[in-house]
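Some notes on the structure that comes next.
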Amino acid sequence: MTEASTQSVPVLGDTSVRISVGRVRRMRRTAFRFVRNQPLGALGLFIVAAIVAVAVFAPLIATHGMNETSLGDRLVGPSAQHYFGTDNLGRDQFSRIVYGTRTTLQVALGAVIIGMTIALTVGMVSGYFGGWFDIIVQRIVDAWMAFPTLILLLSLVAVLGAGLAQIIGVLSLLIGVGGIRVIRATTLGYRKATFIEAAHVIGASPTRILVRHLAPNLFGPLMVLTTLGLSSAILAEASLSFLGFGVPPPAASWGRMLSGSSSLYLYKAPWLAIFPGLAITVVVFGVNMLGDALRDELDPRMRGSR
Amino acid sequence: MLGYLLRRPAFFVPTAFIVVTAVFMLIRLIPGDTVDLMVQDNGYAESADALRERLGLNDPIYVQYVKWLGDMATGDLGTSLHTERTATQELKARGPVSLQLGLMSLTISLLIAIPVGIISAAKQGSLVDYGMRSFAIGMLAIPNFWFGTMVIVIPSVLWNVSLAGKWVPLFDDPVGNMKLMIFPAIIGGAAASASVMRMTRTMVLEVNRQDYIRTARAKGLASSTVVWRHTLKNALPPVVTLVGLQVPVIISGSVIMEQVFSLPGMGRFLLDNISQRDYPMVQAMTLLFVFVVLTVNLVVDLLYPVLDPRISLGN
């Protein structure tokens, strides 16, 4: 150890401590303001955080295995042993719903991440450069929007086959193409902004302008699109699974819990119908609430547009 | 006016062209092993190659494309591999069911959305406004297939009443038909009403901020006159555009409702065809649904200048 390095350590440490204290304080203030201004949004955030926690710690929370069957306990109602009852194979519904959060989040997050990448890239390029690329993209988006969502998803899944990767791919297109419009419109608004022109004048390359100057300004609409995309992906995955074209077994999917073989027993065992649907509703409600609040906070122009 | 009426379909044509091309590509996206499965599981042809011949996949792609466009132009939407019935025959049998369900859902959604949106805006910030907005947000979160399932299961478990039953056509037994259709229509309509309601509320609030509304009130017009003659006349045209955008939502909802309530419509037919890998029918149904959407949006756009004369038609 040289003298210089031992000296520099406390200095660096001091600075980082000072920065992190300031940042924590600022974050705490932002969080406090968010809770005060958007109580429902804070509730939404809480629900989303809780779902993520359930997905991460699923094996600790679940009381039984995901596909563990117990033929002695078939179609048992909710009890202390089986919180949400059991299905026709004696599988514990509570545990299946807990593991189902993993399927739901996997599909929704995968679709949103890929979808937002598509929306951001195509939307920015289309809006910033314009020209024939823009015209073609806009016509394709128009045509895409003419397809009823479910018909489009079903046709694509029919042809590509049902599987986790296919579902994520198809849903990411759904979210991505929808987002292109919003990103393009926002980009158009910034195209003539002084800071973009200034960057252009000092000789920044178009790539640099898009990535370093434009993209950070799209943070607001991107956050809003992300939450809206999450809720539509969750609902779409559930609908596809309900119709029998979703994520295939052995994964637990909330939508499929309401269909297939268990649907024959819904009259005998109504709890099989109640809990998976309730899980979907609570999650989508939470994500929507968070999305609405973010829209109000980050992007006032989009307020009430949905 | 005439210029607008002629120019507007000019936007329709490229979109329709892309749509037709996209649907044409659909059957060409089928992986090779799926064709083998179609022969093995469904016995659609002697061999995979014979099936490709039957689907017309052996010609060069531009020949296939021209042939497909020609068939579409002459109204030949394809023939089922499974039943050998044509898509047109199926459409005649099943179209009316889906059309009835779709129209009923749309009517119900507007009957809920527009009055509720107006009342919600008129009483902005009140308990009524808050309650109705919460209802709308709730409706957006509840999956319609779950809602439908609960509506069937709960009365059946509690009172032994069955809401789904054997299908009867509207003109044979109107009462029996309505008994089957009203619940799916209400559920589909309520789900679709949420976004129209929010749009109506926003538009009414927006218009109410305008100077001419203040003038109308200041000169002593009755509140109801202001609402009917000034506010709604200005607030509703954008809502009409949204109604056009609701048609795809209603179609998606109807597919699910037909499945949940066992109605013999086109949506359920599409699902059956996907399970049977009857791709020519999947293609035909997809194209039909998209053309309904495109046509409705064209009509909405053509109606728009009638509803809102401020839209200038000259340029």
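Simple scheme: letters A, B, ... for chains in structure tokens order, numbers from 1 for residues in each chain, numbers from 1 for ligands in the order shown.
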- Residues of chain A within 7 Å of chain B, counting only C-alpha atoms, as a list in words: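 Listing them in order of chain and number gives Arg139, Ile140, Asp142, Ala143, Ala146, Phe147, Pro148, Thr149, Leu150, Ile151, Ser155, Ala158, Val159, Leu160, Leu235, Leu266, Tyr267, Gly277, Thr281, Val284, Phe285, Gly304, Ser305 and Arg306 of chain A.
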For the selection just defined, write its residues with N, CA and C atoms to a file, as a PDB file, in the first residue's frame.
```pdb
ATOM      1  N   ARG A 139     -47.937   3.402 -42.271  1.00  0.00           N
ATOM      2  CA  ARG A 139     -48.958   2.573 -42.930  1.00  0.00           C
ATOM      3  C   ARG A 139     -49.035   1.197 -42.272  1.00  0.00           C
ATOM      4  N   ILE A 140     -47.849   0.644 -41.914  1.00  0.00           N
ATOM      5  CA  ILE A 140     -47.849  -0.677 -41.283  1.00  0.00           C
ATOM      6  C   ILE A 140     -48.537  -0.602 -39.915  1.00  0.00           C
ATOM      7  N   ASP A 142     -50.845   1.520 -39.046  1.00  0.00           N
ATOM      8  CA  ASP A 142     -52.283   1.644 -39.346  1.00  0.00           C
ATOM      9  C   ASP A 142     -52.911   0.281 -39.573  1.00  0.00           C
ATOM     10  N   ALA A 143     -52.264  -0.512 -40.435  1.00  0.00           N
ATOM     11  CA  ALA A 143     -52.803  -1.831 -40.783  1.00  0.00           C
ATOM     12  C   ALA A 143     -52.851  -2.712 -39.544  1.00  0.00           C
ATOM     13  N   ALA A 146     -55.714  -2.125 -37.279  1.00  0.00           N
ATOM     14  CA  ALA A 146     -57.021  -2.558 -37.767  1.00  0.00           C
ATOM     15  C   ALA A 146     -57.356  -3.966 -37.288  1.00  0.00           C
ATOM     16  N   PHE A 147     -56.334  -4.725 -36.866  1.00  0.00           N
ATOM     17  CA  PHE A 147     -56.601  -6.068 -36.359  1.00  0.00           C
ATOM     18  C   PHE A 147     -57.107  -5.979 -34.930  1.00  0.00           C
ATOM     19  N   PRO A 148     -58.264  -6.612 -34.630  1.00  0.00           N
ATOM     20  CA  PRO A 148     -58.633  -6.719 -33.225  1.00  0.00           C
ATOM     21  C   PRO A 148     -57.534  -7.494 -32.499  1.00  0.00           C
ATOM     22  N   THR A 149     -57.101  -6.957 -31.344  1.00  0.00           N
ATOM     23  CA  THR A 149     -55.960  -7.528 -30.623  1.00  0.00           C
ATOM     24  C   THR A 149     -56.011  -9.054 -30.519  1.00  0.00           C
ATOM     25  N   LEU A 150     -57.136  -9.540 -30.031  1.00  0.00           N
ATOM     26  CA  LEU A 150     -57.212 -10.969 -29.748  1.00  0.00           C
ATOM     27  C   LEU A 150     -57.137 -11.795 -31.033  1.00  0.00           C
ATOM     28  N   ILE A 151     -57.773 -11.299 -32.110  1.00  0.00           N
ATOM     29  CA  ILE A 151     -57.749 -12.012 -33.391  1.00  0.00           C
ATOM     30  C   ILE A 151     -56.305 -12.107 -33.893  1.00  0.00           C
ATOM     31  N   SER A 155     -54.292 -15.554 -34.324  1.00  0.00           N
ATOM     32  CA  SER A 155     -53.804 -15.983 -35.637  1.00  0.00           C
ATOM     33  C   SER A 155     -52.305 -16.251 -35.586  1.00  0.00           C
ATOM     34  N   ALA A 158     -51.638 -19.321 -33.557  1.00  0.00           N
ATOM     35  CA  ALA A 158     -52.084 -20.491 -34.318  1.00  0.00           C
ATOM     36  C   ALA A 158     -50.994 -20.951 -35.265  1.00  0.00           C
ATOM     37  N   VAL A 159     -50.347 -19.994 -35.904  1.00  0.00           N
ATOM     38  CA  VAL A 159     -49.344 -20.335 -36.908  1.00  0.00           C
ATOM     39  C   VAL A 159     -48.004 -20.672 -36.256  1.00  0.00           C
ATOM     40  N   LEU A 160     -47.601 -19.883 -35.246  1.00  0.00           N
ATOM     41  CA  LEU A 160     -46.275 -20.060 -34.657  1.00  0.00           C
ATOM     42  C   LEU A 160     -46.245 -21.162 -33.608  1.00  0.00           C
ATOM     43  N   LEU A 235     -53.220  -9.148 -19.122  1.00  0.00           N
ATOM     44  CA  LEU A 235     -54.576  -9.526 -19.526  1.00  0.00           C
ATOM     45  C   LEU A 235     -54.555 -10.401 -20.778  1.00  0.00           C
ATOM     46  N   LEU A 266     -66.153 -26.287 -12.141  1.00  0.00           N
ATOM     47  CA  LEU A 266     -66.393 -24.977 -11.540  1.00  0.00           C
ATOM     48  C   LEU A 266     -67.694 -24.940 -10.740  1.00  0.00           C
ATOM     49  N   TYR A 267     -68.696 -25.702 -11.187  1.00  0.00           N
ATOM     50  CA  TYR A 267     -69.984 -25.678 -10.482  1.00  0.00           C
ATOM     51  C   TYR A 267     -69.888 -26.391  -9.144  1.00  0.00           C
ATOM     52  N   GLY A 277     -59.056 -15.588 -11.026  1.00  0.00           N
ATOM     53  CA  GLY A 277     -59.564 -14.356 -11.624  1.00  0.00           C
ATOM     54  C   GLY A 277     -59.302 -13.155 -10.738  1.00  0.00           C
ATOM     55  N   THR A 281     -57.249  -9.711 -11.562  1.00  0.00           N
ATOM     56  CA  THR A 281     -57.866  -8.398 -11.372  1.00  0.00           C
ATOM     57  C   THR A 281     -57.021  -7.506 -10.472  1.00  0.00           C
ATOM     58  N   VAL A 284     -53.745  -6.397 -12.326  1.00  0.00           N
ATOM     59  CA  VAL A 284     -53.992  -5.432 -13.403  1.00  0.00           C
ATOM     60  C   VAL A 284     -54.457  -4.102 -12.811  1.00  0.00           C
ATOM     61  N   PHE A 285     -55.294  -4.167 -11.774  1.00  0.00           N
ATOM     62  CA  PHE A 285     -55.741  -2.953 -11.104  1.00  0.00           C
ATOM     63  C   PHE A 285     -54.543  -2.177 -10.548  1.00  0.00           C
ATOM     64  N   GLY A 304     -55.991  11.463 -19.111  1.00  0.00           N
ATOM     65  CA  GLY A 304     -57.363  11.183 -19.543  1.00  0.00           C
ATOM     66  C   GLY A 304     -57.489  10.691 -20.963  1.00  0.00           C
ATOM     67  N   SER A 305     -56.372  10.282 -21.563  1.00  0.00           N
ATOM     68  CA  SER A 305     -56.460   9.883 -22.959  1.00  0.00           C
ATOM     69  C   SER A 305     -56.875   8.436 -23.108  1.00  0.00           C
ATOM     70  N   ARG A 306     -57.039   7.739 -22.022  1.00  0.00           N
ATOM     71  CA  ARG A 306     -57.395   6.335 -22.167  1.00  0.00           C
ATOM     72  C   ARG A 306     -58.731   6.052 -21.520  1.00  0.00           C
TER      73      ARG A 306
END
```
Env of Ala235 of chain B: 12 Å cut, atoms = only C-alpha atoms, seq-sep filter 6 positions within chain, self excluded. Answer as a short mmCIF file (atom, residue, chain, number, x, y, z; two decimals) with N, CA, C and O atoms, in the first residue's frame.
```
data_model
loop_
_atom_site.label_atom_id
_atom_site.label_comp_id
_atom_site.auth_asym_id
_atom_site.auth_seq_id
_atom_site.Cartn_x
_atom_site.Cartn_y
_atom_site.Cartn_z
N ILE B 114 -71.83 7.05 -22.25
CA ILE B 114 -72.04 8.47 -22.52
C ILE B 114 -72.79 9.17 -21.38
O ILE B 114 -72.30 10.18 -20.86
N GLY B 117 -70.45 9.29 -18.39
CA GLY B 117 -69.37 10.25 -18.62
C GLY B 117 -69.82 11.68 -18.42
O GLY B 117 -69.12 12.50 -17.81
N ILE B 118 -71.02 12.00 -18.92
CA ILE B 118 -71.54 13.36 -18.81
C ILE B 118 -71.84 13.70 -17.35
O ILE B 118 -71.45 14.76 -16.86
N ALA B 121 -68.72 14.23 -15.38
CA ALA B 121 -68.09 15.52 -15.63
C ALA B 121 -68.89 16.65 -14.98
O ALA B 121 -68.32 17.59 -14.42
N MET B 199 -63.23 9.05 -21.91
CA MET B 199 -63.07 10.02 -23.00
C MET B 199 -64.19 11.06 -22.96
O MET B 199 -63.94 12.26 -23.09
N THR B 200 -65.45 10.59 -22.77
CA THR B 200 -66.58 11.52 -22.71
C THR B 200 -66.37 12.52 -21.58
O THR B 200 -66.54 13.73 -21.76
N ARG B 201 -65.98 12.01 -20.41
CA ARG B 201 -65.78 12.88 -19.26
C ARG B 201 -64.73 13.95 -19.56
O ARG B 201 -64.94 15.14 -19.33
N THR B 202 -63.59 13.50 -20.12
CA THR B 202 -62.52 14.45 -20.44
C THR B 202 -62.99 15.50 -21.43
O THR B 202 -62.71 16.70 -21.26
N MET B 203 -63.70 15.08 -22.48
CA MET B 203 -64.14 16.02 -23.50
C MET B 203 -65.14 17.03 -22.94
O MET B 203 -65.07 18.21 -23.25
N VAL B 204 -66.09 16.55 -22.11
CA VAL B 204 -67.08 17.47 -21.54
C VAL B 204 -66.37 18.49 -20.64
O VAL B 204 -66.66 19.69 -20.71
N LEU B 205 -65.43 18.04 -19.83
CA LEU B 205 -64.69 18.96 -18.97
C LEU B 205 -63.94 19.99 -19.80
O LEU B 205 -63.90 21.18 -19.48
N GLU B 206 -63.34 19.51 -20.89
CA GLU B 206 -62.57 20.38 -21.78
C GLU B 206 -63.47 21.47 -22.38
O GLU B 206 -63.13 22.64 -22.37
N VAL B 207 -64.62 21.04 -22.91
CA VAL B 207 -65.55 21.99 -23.55
C VAL B 207 -66.10 22.96 -22.52
O VAL B 207 -66.24 24.15 -22.80
N ASN B 208 -66.39 22.47 -21.32
CA ASN B 208 -66.95 23.35 -20.28
C ASN B 208 -66.02 24.48 -19.89
O ASN B 208 -66.45 25.47 -19.32
N ARG B 209 -64.73 24.33 -20.18
CA ARG B 209 -63.78 25.40 -19.86
C ARG B 209 -63.79 26.51 -20.89
O ARG B 209 -63.18 27.55 -20.68
N GLN B 210 -64.44 26.26 -22.05
CA GLN B 210 -64.37 27.23 -23.14
C GLN B 210 -65.19 28.49 -22.85
O GLN B 210 -66.15 28.45 -22.09
N ILE B 213 -69.10 28.62 -23.52
CA ILE B 213 -69.98 28.02 -22.51
C ILE B 213 -70.25 29.05 -21.42
O ILE B 213 -71.39 29.23 -20.95
N VAL B 227 -76.11 22.38 -21.65
CA VAL B 227 -75.56 21.04 -21.79
C VAL B 227 -75.91 20.45 -23.15
O VAL B 227 -75.05 20.00 -23.90
N TRP B 228 -77.20 20.50 -23.51
CA TRP B 228 -77.63 19.84 -24.75
C TRP B 228 -77.17 20.58 -26.00
O TRP B 228 -76.70 19.96 -26.95
N ARG B 229 -77.36 21.91 -26.00
CA ARG B 229 -77.13 22.65 -27.23
C ARG B 229 -75.67 23.05 -27.42
O ARG B 229 -75.21 23.19 -28.54
N THR B 241 -65.27 9.19 -32.84
CA THR B 241 -64.05 8.56 -33.38
C THR B 241 -63.63 7.40 -32.49
O THR B 241 -63.23 6.35 -32.97
N LEU B 307 -70.93 15.58 -38.38
CA LEU B 307 -71.10 15.84 -36.96
C LEU B 307 -70.40 17.12 -36.52
O LEU B 307 -70.85 17.82 -35.64
N ASP B 308 -69.26 17.38 -37.13
CA ASP B 308 -68.48 18.54 -36.73
C ASP B 308 -68.12 19.36 -37.96
O ASP B 308 -67.10 19.14 -38.60
#
```
Segment 69-283 of chain A: residues DSSP assigns to helix (DSSP H, G or I), reported as a CSV table (one decimal) with C-alpha atoms, in the first residue's frame:
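New file selection.csv:
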```csv
chain,number,residue,atom,x,y,z
A,71,LEU,CA,-55.5,-37.5,-4.8
A,72,GLY,CA,-57.0,-37.8,-1.4
A,73,ASP,CA,-57.7,-34.0,-1.3
A,93,GLN,CA,-54.7,-23.6,-5.6
A,94,PHE,CA,-53.0,-21.1,-3.4
A,95,SER,CA,-49.6,-22.5,-4.3
A,96,ARG,CA,-50.5,-22.6,-8.0
A,97,ILE,CA,-51.5,-18.9,-7.9
A,98,VAL,CA,-48.3,-18.0,-6.1
A,99,TYR,CA,-46.2,-19.8,-8.7
A,100,GLY,CA,-48.4,-18.3,-11.4
A,101,THR,CA,-47.0,-14.9,-10.5
A,102,ARG,CA,-43.7,-16.1,-12.0
A,103,THR,CA,-45.4,-17.1,-15.4
A,104,THR,CA,-47.3,-13.8,-15.4
A,105,LEU,CA,-44.3,-11.6,-14.7
A,106,GLN,CA,-42.0,-13.6,-17.0
A,107,VAL,CA,-44.3,-13.1,-19.9
A,108,ALA,CA,-45.3,-9.5,-19.1
A,109,LEU,CA,-41.8,-8.3,-18.4
A,110,GLY,CA,-40.3,-10.1,-21.3
A,111,ALA,CA,-42.9,-8.6,-23.7
A,112,VAL,CA,-42.6,-5.1,-22.3
A,113,ILE,CA,-38.8,-5.0,-22.4
A,114,ILE,CA,-38.7,-6.2,-26.1
A,115,GLY,CA,-41.7,-4.2,-27.0
A,116,MET,CA,-40.3,-0.9,-25.5
A,117,THR,CA,-37.1,-1.5,-27.4
A,118,ILE,CA,-39.0,-1.8,-30.6
A,119,ALA,CA,-41.2,1.2,-29.9
A,120,LEU,CA,-38.2,3.4,-28.9
A,121,THR,CA,-36.0,2.5,-31.8
A,122,VAL,CA,-38.6,2.5,-34.6
A,123,GLY,CA,-40.5,5.4,-33.1
A,124,MET,CA,-37.4,7.7,-32.7
A,125,VAL,CA,-36.0,6.9,-36.1
A,126,SER,CA,-39.4,7.3,-37.8
A,127,GLY,CA,-40.1,10.6,-36.0
A,128,TYR,CA,-36.7,12.1,-36.3
A,129,PHE,CA,-35.7,11.3,-39.9
A,131,GLY,CA,-39.1,10.4,-45.2
A,132,TRP,CA,-40.1,7.2,-46.8
A,133,PHE,CA,-39.2,5.1,-43.7
A,134,ASP,CA,-41.7,7.1,-41.7
A,135,ILE,CA,-44.4,6.7,-44.3
A,136,ILE,CA,-44.0,2.9,-44.6
A,137,VAL,CA,-43.9,2.5,-40.8
A,138,GLN,CA,-47.0,4.6,-40.4
A,139,ARG,CA,-49.0,2.6,-42.9
A,140,ILE,CA,-47.8,-0.7,-41.3
A,141,VAL,CA,-48.9,0.6,-37.9
A,142,ASP,CA,-52.3,1.6,-39.3
A,143,ALA,CA,-52.8,-1.8,-40.8
A,144,TRP,CA,-51.7,-3.4,-37.5
A,145,MET,CA,-54.2,-1.3,-35.5
A,146,ALA,CA,-57.0,-2.6,-37.8
A,149,THR,CA,-56.0,-7.5,-30.6
A,150,LEU,CA,-57.2,-11.0,-29.7
A,151,ILE,CA,-57.7,-12.0,-33.4
A,152,LEU,CA,-54.2,-11.0,-34.2
A,153,LEU,CA,-52.7,-12.8,-31.2
A,154,LEU,CA,-54.7,-15.9,-31.9
A,155,SER,CA,-53.8,-16.0,-35.6
A,156,LEU,CA,-50.1,-15.5,-34.9
A,157,VAL,CA,-50.1,-18.1,-32.1
A,158,ALA,CA,-52.1,-20.5,-34.3
A,159,VAL,CA,-49.3,-20.3,-36.9
A,160,LEU,CA,-46.3,-20.1,-34.7
A,164,LEU,CA,-43.4,-19.3,-23.7
A,165,ALA,CA,-41.0,-17.7,-26.3
A,166,GLN,CA,-43.8,-17.4,-29.0
A,167,ILE,CA,-46.2,-15.8,-26.5
A,168,ILE,CA,-43.6,-13.3,-25.4
A,169,GLY,CA,-42.6,-12.5,-29.0
A,170,VAL,CA,-46.2,-12.0,-30.1
A,171,LEU,CA,-47.1,-9.8,-27.1
A,172,SER,CA,-43.9,-7.8,-27.5
A,173,LEU,CA,-45.0,-6.9,-31.0
A,174,LEU,CA,-48.5,-6.0,-29.7
A,175,ILE,CA,-47.0,-3.6,-27.1
A,176,GLY,CA,-44.2,-2.4,-29.4
A,177,VAL,CA,-46.3,-1.4,-32.4
A,178,GLY,CA,-48.8,0.4,-30.1
A,179,GLY,CA,-45.9,2.3,-28.6
A,180,ILE,CA,-44.3,3.4,-31.9
A,181,ARG,CA,-47.1,6.1,-32.4
A,182,VAL,CA,-46.6,7.7,-29.0
A,183,ILE,CA,-42.7,7.7,-29.2
A,184,ARG,CA,-42.9,9.1,-32.8
A,185,ALA,CA,-45.3,11.8,-31.8
A,186,THR,CA,-43.1,12.9,-28.9
A,187,THR,CA,-40.0,12.8,-31.1
A,188,LEU,CA,-41.7,15.0,-33.6
A,189,GLY,CA,-42.4,17.5,-30.8
A,190,TYR,CA,-38.7,17.6,-29.9
A,191,ARG,CA,-37.3,17.6,-33.4
A,194,THR,CA,-33.3,24.3,-29.5
A,195,PHE,CA,-31.2,21.7,-27.7
A,196,ILE,CA,-31.5,19.2,-30.6
A,197,GLU,CA,-30.6,21.9,-33.1
A,198,ALA,CA,-27.6,23.0,-30.9
A,199,ALA,CA,-26.4,19.4,-30.8
A,200,HIS,CA,-26.7,19.2,-34.5
A,201,VAL,CA,-24.8,22.5,-35.0
A,206,PRO,CA,-27.6,11.5,-35.7
A,207,THR,CA,-27.0,8.4,-33.5
A,208,ARG,CA,-25.5,10.5,-30.8
A,209,ILE,CA,-28.4,13.0,-31.0
A,210,LEU,CA,-31.0,10.2,-30.7
A,211,VAL,CA,-29.3,8.3,-27.9
A,212,ARG,CA,-27.8,11.1,-25.8
A,213,HIS,CA,-30.1,14.0,-26.4
A,214,LEU,CA,-33.5,12.7,-27.4
A,215,ALA,CA,-33.9,9.4,-25.6
A,216,PRO,CA,-33.6,10.9,-22.1
A,217,ASN,CA,-36.4,13.2,-22.8
A,218,LEU,CA,-38.7,10.3,-23.7
A,219,PHE,CA,-38.4,8.9,-20.2
A,220,GLY,CA,-41.9,10.1,-19.2
A,221,PRO,CA,-43.9,8.6,-22.1
A,222,LEU,CA,-41.8,5.5,-21.9
A,223,MET,CA,-42.7,4.9,-18.2
A,224,VAL,CA,-46.3,5.4,-19.0
A,225,LEU,CA,-46.2,3.0,-22.0
A,226,THR,CA,-44.4,0.5,-19.9
A,227,THR,CA,-47.1,0.3,-17.2
A,228,LEU,CA,-49.9,0.3,-19.8
A,229,GLY,CA,-48.0,-2.4,-21.7
A,230,LEU,CA,-47.6,-4.5,-18.5
A,231,SER,CA,-51.3,-4.5,-17.8
A,232,SER,CA,-52.3,-5.3,-21.4
A,233,ALA,CA,-49.7,-8.1,-21.5
A,234,ILE,CA,-51.0,-9.6,-18.3
A,235,LEU,CA,-54.6,-9.5,-19.5
A,236,ALA,CA,-53.7,-10.8,-23.0
A,237,GLU,CA,-51.6,-13.7,-21.6
A,238,ALA,CA,-54.5,-14.6,-19.3
A,239,SER,CA,-57.0,-14.5,-22.1
A,240,LEU,CA,-54.9,-16.6,-24.5
A,241,SER,CA,-54.3,-19.1,-21.7
A,242,PHE,CA,-58.0,-19.2,-20.9
A,254,TRP,CA,-53.8,-17.9,-14.0
A,255,GLY,CA,-55.7,-17.8,-17.2
A,256,ARG,CA,-55.5,-21.6,-17.8
A,257,MET,CA,-56.6,-22.3,-14.2
A,260,GLY,CA,-59.4,-26.8,-19.6
A,261,SER,CA,-60.2,-29.8,-17.3
A,262,SER,CA,-60.8,-27.6,-14.2
A,263,SER,CA,-63.6,-25.7,-16.0
A,264,LEU,CA,-65.8,-28.9,-15.8
A,265,TYR,CA,-65.6,-28.7,-12.0
A,271,TRP,CA,-63.4,-21.5,-5.5
A,272,LEU,CA,-61.5,-22.7,-8.6
A,273,ALA,CA,-63.1,-19.9,-10.6
A,274,ILE,CA,-62.9,-17.2,-7.9
A,275,PHE,CA,-59.2,-17.0,-6.9
A,276,PRO,CA,-57.3,-17.1,-10.2
A,277,GLY,CA,-59.6,-14.4,-11.6
A,278,LEU,CA,-59.2,-12.3,-8.5
A,279,ALA,CA,-55.4,-12.6,-8.7
A,280,ILE,CA,-55.5,-11.2,-12.3
A,281,THR,CA,-57.9,-8.4,-11.4
A,282,VAL,CA,-55.8,-7.3,-8.4
A,283,VAL,CA,-52.5,-7.2,-10.4
```
Test item: residues at most 10 Å from segment 54-60 of chain B, only C-alpha atoms, excluding those fewer than 6 positions along its chain, as a short mmCIF file (atom, residue, chain, number, x, y, z; two decimals) with all heavy atoms, in the first residue's frame:
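Below is the file result17.cif, written as the result:
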```cif
data_model
loop_
_atom_site.label_atom_id
_atom_site.label_comp_id
_atom_site.auth_asym_id
_atom_site.auth_seq_id
_atom_site.Cartn_x
_atom_site.Cartn_y
_atom_site.Cartn_z
N ILE B 27 -50.58 -17.97 -43.69
CA ILE B 27 -50.53 -19.40 -43.97
C ILE B 27 -49.14 -19.81 -44.42
O ILE B 27 -48.74 -20.97 -44.30
CB ILE B 27 -51.62 -19.76 -45.00
CG1 ILE B 27 -52.11 -21.19 -44.79
CG2 ILE B 27 -51.15 -19.56 -46.41
CD1 ILE B 27 -53.43 -21.46 -45.49
N ARG B 28 -48.37 -18.84 -44.94
CA ARG B 28 -47.00 -19.13 -45.38
C ARG B 28 -46.01 -19.13 -44.22
O ARG B 28 -44.83 -19.41 -44.41
CB ARG B 28 -46.56 -18.12 -46.45
CG ARG B 28 -46.99 -18.53 -47.85
CD ARG B 28 -48.15 -17.74 -48.36
NE ARG B 28 -48.86 -18.42 -49.43
CZ ARG B 28 -50.18 -18.43 -49.53
NH1 ARG B 28 -50.93 -17.84 -48.64
NH2 ARG B 28 -50.78 -19.04 -50.53
N TYR B 44 -55.75 -34.39 -43.47
CA TYR B 44 -56.22 -33.44 -44.46
C TYR B 44 -55.77 -33.82 -45.87
O TYR B 44 -56.30 -33.31 -46.84
CB TYR B 44 -55.73 -32.02 -44.14
CG TYR B 44 -56.46 -31.40 -42.97
CD1 TYR B 44 -55.82 -30.56 -42.08
CD2 TYR B 44 -57.83 -31.65 -42.78
CE1 TYR B 44 -56.49 -29.99 -41.02
CE2 TYR B 44 -58.51 -31.08 -41.72
CZ TYR B 44 -57.84 -30.25 -40.84
OH TYR B 44 -58.51 -29.70 -39.80
N ALA B 45 -54.76 -34.70 -46.01
CA ALA B 45 -54.30 -35.13 -47.33
C ALA B 45 -53.49 -36.40 -47.15
O ALA B 45 -53.20 -36.82 -46.02
CB ALA B 45 -53.47 -34.04 -47.99
N ALA B 48 -47.68 -34.83 -46.87
CA ALA B 48 -47.42 -33.41 -46.65
C ALA B 48 -47.37 -32.66 -47.97
O ALA B 48 -47.85 -31.53 -48.09
CB ALA B 48 -46.10 -33.23 -45.89
N LYS B 67 -53.15 -15.16 -57.39
CA LYS B 67 -54.31 -16.05 -57.30
C LYS B 67 -55.18 -15.69 -56.10
O LYS B 67 -56.40 -15.59 -56.18
CB LYS B 67 -53.81 -17.49 -57.18
CG LYS B 67 -54.67 -18.50 -57.96
CD LYS B 67 -54.18 -19.90 -57.66
CE LYS B 67 -53.48 -20.53 -58.86
NZ LYS B 67 -52.91 -21.84 -58.51
N TRP B 68 -54.51 -15.46 -54.97
CA TRP B 68 -55.20 -15.13 -53.71
C TRP B 68 -55.97 -13.82 -53.85
O TRP B 68 -57.14 -13.72 -53.47
CB TRP B 68 -54.16 -15.11 -52.59
CG TRP B 68 -54.39 -14.24 -51.40
CD1 TRP B 68 -53.88 -13.00 -51.20
CD2 TRP B 68 -55.15 -14.56 -50.22
NE1 TRP B 68 -54.28 -12.53 -49.97
CE2 TRP B 68 -55.05 -13.45 -49.35
CE3 TRP B 68 -55.90 -15.66 -49.82
CZ2 TRP B 68 -55.68 -13.42 -48.11
CZ3 TRP B 68 -56.52 -15.62 -48.58
CH2 TRP B 68 -56.41 -14.51 -47.73
N GLY B 78 -62.15 -18.97 -49.51
CA GLY B 78 -61.47 -20.21 -49.16
C GLY B 78 -62.43 -21.30 -48.72
O GLY B 78 -63.60 -21.04 -48.45
N THR B 79 -61.89 -22.53 -48.67
CA THR B 79 -62.71 -23.69 -48.31
C THR B 79 -62.06 -24.39 -47.13
O THR B 79 -60.84 -24.48 -47.05
CB THR B 79 -62.78 -24.66 -49.51
OG1 THR B 79 -63.19 -23.92 -50.65
CG2 THR B 79 -63.78 -25.77 -49.26
N LEU B 81 -60.59 -27.15 -44.77
CA LEU B 81 -59.95 -28.45 -44.96
C LEU B 81 -60.74 -29.51 -44.23
O LEU B 81 -60.78 -30.68 -44.62
CB LEU B 81 -58.52 -28.43 -44.39
CG LEU B 81 -57.49 -27.54 -45.07
CD1 LEU B 81 -56.23 -27.53 -44.24
CD2 LEU B 81 -57.21 -28.04 -46.48
N TYR B 279 -56.18 -24.01 -41.40
CA TYR B 279 -55.63 -22.68 -41.66
C TYR B 279 -56.37 -21.84 -42.70
O TYR B 279 -56.48 -20.63 -42.53
CB TYR B 279 -54.14 -22.76 -41.99
CG TYR B 279 -53.34 -23.17 -40.78
CD1 TYR B 279 -52.75 -24.42 -40.69
CD2 TYR B 279 -53.23 -22.31 -39.70
CE1 TYR B 279 -52.05 -24.79 -39.56
CE2 TYR B 279 -52.54 -22.68 -38.58
CZ TYR B 279 -51.95 -23.92 -38.51
OH TYR B 279 -51.27 -24.28 -37.39
N PRO B 280 -56.89 -22.42 -43.79
CA PRO B 280 -57.64 -21.56 -44.72
C PRO B 280 -58.80 -20.84 -44.04
O PRO B 280 -59.09 -19.68 -44.34
CB PRO B 280 -58.15 -22.55 -45.78
CG PRO B 280 -57.19 -23.67 -45.74
CD PRO B 280 -56.75 -23.78 -44.31
#
```
